[in-house]
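Quick notes on the structure that follows.
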Amino acid sequence: MGFIAFLKTQFIVHLLIGFVFVVSGLIINFIQLCTLLLWPLNKQLYRRVNCRLAYSLWSQLVMLLEWWSGTECTLFSDEATVKTFGKEHVIIILNHNFEIDFLCGWTMTERFGVLGSSKVLAKRELLYVPLIGWTWYFLEIVFCKRKWEEDRDTVIEGLKRLSDYPEYMWFLLYCEGTRFTETKHRISMEVAESKGLPKLKYHLLPRTKGFTTAVQCLRGTVSAVYDVTLNFRGNKNPSLLGILYGKKYEADMCVRRFPLEDIPQDEKEAANWLHKLYQEKDALQEMYNQEVLLSPLFTFGFGVFASGSPLLILAFLGLVGAASFGVRRLIGVTEIEKGSSYGNQEFKKKE
């Protein structure tokens, strides 16, 4: 372990990083409080100043991800889409599977100059979190209780207030509403089945109210919807603590752009559009998983054949044949017809 790597694991260093973040955050929050005097005089100047104040705080967290831990975020998109980054108001749809997915999103916004003006539809509890929640308040972040009957007027008012925002903003939506877990996924798919919707393998059923309302309220301001799918190589599940200890991760972000004109204006049709989008996201996730899992095997196999060694080639073919035979045997054992009769007898008794 090198000296720098050693320092990254030390509690006193973590304490220093936290101290700098808290103190600078409190100073920034105080300055933001003072900028409220600008609101009645020049609302747009107030917004520009607060974008830069927020950047000075959020960039510290982006620094931890990119420089301190050395995490690499690779962006996959088409050239035409990349040319629009940072040059238009957009709605971002991001999968909510990881503890640090918001940090990867901030890294992306920092690259294209919209970190300070980035927005999110956040749960109201976060408003009371020191530093982050307070900074969001001055940034006009839209907060909700996740109870549509109570949120409707507040969300609509907050979204309409952003219609004349002077800086390009990326408005983040976690349409799944909460972070993915196996338990939540099971419950979500039960709901999908009850509603006659296709089941998803890697995502929760999207909540459509926030999306359709955002599209309706920001139509004319927002130019497009960016669908972002985030994954980490090696099937890793990164954490904020891991980042603080300098652990490096490799993130892949696939971005697709949908012009807002392509999204139906009718609320029900827009909701159906979102469900279809998540079906596509699920298929994309399946493709990613297969590529990640299978590509090392193909690379190894290519290397074996390229070596020209008959012994290596025969050994590799024997290994593949044995694996294929084992899988077939496993499938045979787990066929429904050969499964345990436990439960069938109980069912017959009930009949």
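Ordered as shown in the structure tokens, chains take letters A, B, and onward, while each chain numbers its residues from 1 and ligands are numbered from 1 in the order shown.
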
>> Which residues are close to Arg179 in chain A, i.e. within 8 Å by only C-alpha atoms, leaving aside same-chain residues fewer than 2 positions away? Reply as a PyMOL selection string.
In response: chain A and resi 96-98+176-177+181

Dump of N, CA and C atoms for the selected residues, as a short mmCIF file (atom, residue, chain, number, x, y, z; two decimals), in the first residue's frame:
data_model
loop_
_atom_site.label_atom_id
_atom_site.label_comp_id
_atom_site.auth_asym_id
_atom_site.auth_seq_id
_atom_site.Cartn_x
_atom_site.Cartn_y
_atom_site.Cartn_z
N HIS A 96 -32.42 3.70 -9.79
CA HIS A 96 -32.07 3.97 -8.39
C HIS A 96 -31.65 2.68 -7.71
N ASN A 97 -30.45 2.17 -8.08
CA ASN A 97 -29.99 0.88 -7.58
C ASN A 97 -28.82 0.98 -6.60
N PHE A 98 -28.16 2.14 -6.58
CA PHE A 98 -26.90 2.22 -5.85
C PHE A 98 -26.89 3.39 -4.86
N GLU A 176 -38.73 5.35 -9.97
CA GLU A 176 -39.06 4.17 -9.16
C GLU A 176 -39.46 4.56 -7.74
N GLY A 177 -39.14 5.80 -7.34
CA GLY A 177 -39.58 6.31 -6.06
C GLY A 177 -38.70 5.97 -4.88
N THR A 181 -34.46 -2.87 -3.93
CA THR A 181 -34.09 -4.01 -3.09
C THR A 181 -34.92 -5.20 -3.56
#

Distance table requested - range 16-112 of chain A against range 219-242 of chain A, cut-off 8 Å, only C-alpha atoms: one row per qualifying residue with the closest atom pair and its distance in Å to one decimal, ordered by chain and rising residue number, as a Markdown table.
| residue | atom | partner | partner_atom | distance |
| --- | --- | --- | --- | --- |
| A:Glu88 | CA | A:Ser223 | CA | 6.3 |
| A:His89 | CA | A:Val222 | CA | 4.6 |
| A:Val90 | CA | A:Val222 | CA | 5.1 |
| A:Ile91 | CA | A:Val225 | CA | 4.7 |
| A:Ile92 | CA | A:Tyr226 | CA | 4.9 |
| A:Ile93 | CA | A:Asp227 | CA | 4.9 |
| A:Leu94 | CA | A:Val228 | CA | 5.0 |
| A:Asn95 | CA | A:Thr229 | CA | 5.9 |
| A:Phe98 | CA | A:Asn237 | CA | 6.6 |
| A:Glu99 | CA | A:Ser239 | CA | 5.6 |
| A:Ile100 | CA | A:Ser239 | CA | 6.2 |
| A:Asp101 | CA | A:Leu230 | CA | 7.4 |

What does the file look like for those residues with C-alpha atoms, as a compact mmCIF listing (two decimals), in the first residue's frame?
# COMPACT_ATOMS: atom_id res chain seq x y z
CA GLU A 88 -30.60 22.62 -23.04
CA HIS A 89 -33.05 22.16 -20.17
CA VAL A 90 -33.76 18.45 -19.71
CA ILE A 91 -35.49 15.90 -17.47
CA ILE A 92 -33.21 13.07 -16.32
CA ILE A 93 -34.58 9.59 -15.60
CA LEU A 94 -32.06 7.53 -13.61
CA ASN A 95 -32.28 4.02 -12.20
CA PHE A 98 -26.90 2.22 -5.85
CA GLU A 99 -25.97 4.27 -2.80
CA ILE A 100 -23.79 6.61 -4.87
CA ASP A 101 -25.90 6.90 -8.03

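Near Gly86 in chain A, within a cut-off of 10 Å and counting only C-alpha atoms, sit the residues Met108, Thr109, Glu110, Arg111, Phe112, Gly113, Val114, Leu115, Glu167, Tyr168, Met169 and Trp170 of chain A, with same-chain residues fewer than 5 positions away left out.
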
> Which of range 55-291 of chain A counts as strand (DSSP E or B) under DSSP, as a PyMOL selection string please?
Replying inline: chain A and resi 72-76+90-94+119-123+142-144+170-173+219+222+224-232+250-259

> How many Å separate CA of Gly105 in chain A from CA of Leu127 in chain A?
Replying inline: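 Interatomic distance, CA of Gly105 in chain A to CA of Leu127 in chain A: 19.7 Å.
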
>> Can you tell me which residues surround range 52-59 of chain A at a distance of at most 9 Å, considering only C-alpha atoms, apart from same-chain residues fewer than 3 positions away, and format the answer as a VMD selection string?
In response: chain A and resid 21 24 to 25 28 to 29 31 to 32 47 to 49 62 to 64 106 to 107 110 114 to 117 131 to 132 135 to 136 139

Write out as an mmCIF file with C-alpha atoms, in the first residue's frame each polymer residue whose atoms come within 9 Å of Phe76 in chain A, counting only C-alpha atoms; drop sequence neighbours fewer than 5 positions from it.
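Wrote around.cif, looks like this:
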data_model
loop_
_atom_site.group_PDB
_atom_site.id
_atom_site.type_symbol
_atom_site.label_atom_id
_atom_site.label_comp_id
_atom_site.auth_asym_id
_atom_site.auth_seq_id
_atom_site.Cartn_x
_atom_site.Cartn_y
_atom_site.Cartn_z
ATOM 1 C CA ASP A 252 -20.883 2.838 -16.984
ATOM 2 C CA MET A 253 -23.638 5.323 -17.839
ATOM 3 C CA CYS A 254 -25.755 4.763 -20.946
ATOM 4 C CA VAL A 255 -27.650 7.888 -22.046
ATOM 5 C CA ARG A 256 -30.499 8.036 -24.550
#

> Would you give me, as JSON, numbers by chain, the residues in range 91-296 of chain A that DSSP reads as alpha helix (DSSP H)?
Replying inline: {"A": [101, 102, 103, 104, 105, 106, 107, 108, 109, 110, 111, 132, 133, 134, 135, 136, 137, 138, 148, 149, 150, 151, 152, 153, 154, 155, 156, 157, 158, 159, 160, 161, 182, 183, 184, 185, 186, 187, 188, 189, 190, 191, 192, 193, 194, 208, 209, 210, 211, 212, 213, 214, 215, 216, 217, 218, 240, 241, 242, 243, 244, 267, 268, 269, 270, 271, 272, 273, 274, 275, 276, 277, 278, 279, 280, 281, 282, 283, 284, 285, 286, 287, 288, 289, 290, 291, 292, 293, 294, 295, 296]}

> Ala270 in chain A: which residues within 8 Å, counting only C-alpha atoms, same-chain residues fewer than 6 positions away excluded, as number ranges by chain?
Replying inline: A: 212, 263-264

> Closest to Trp148 in chain A among A:Thr213, A:Asp164, A:Leu103, A:Lys199, using only C-alpha atoms?
Replying inline: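 Answer, going by the shortest atom-to-atom distance: A:Thr213.
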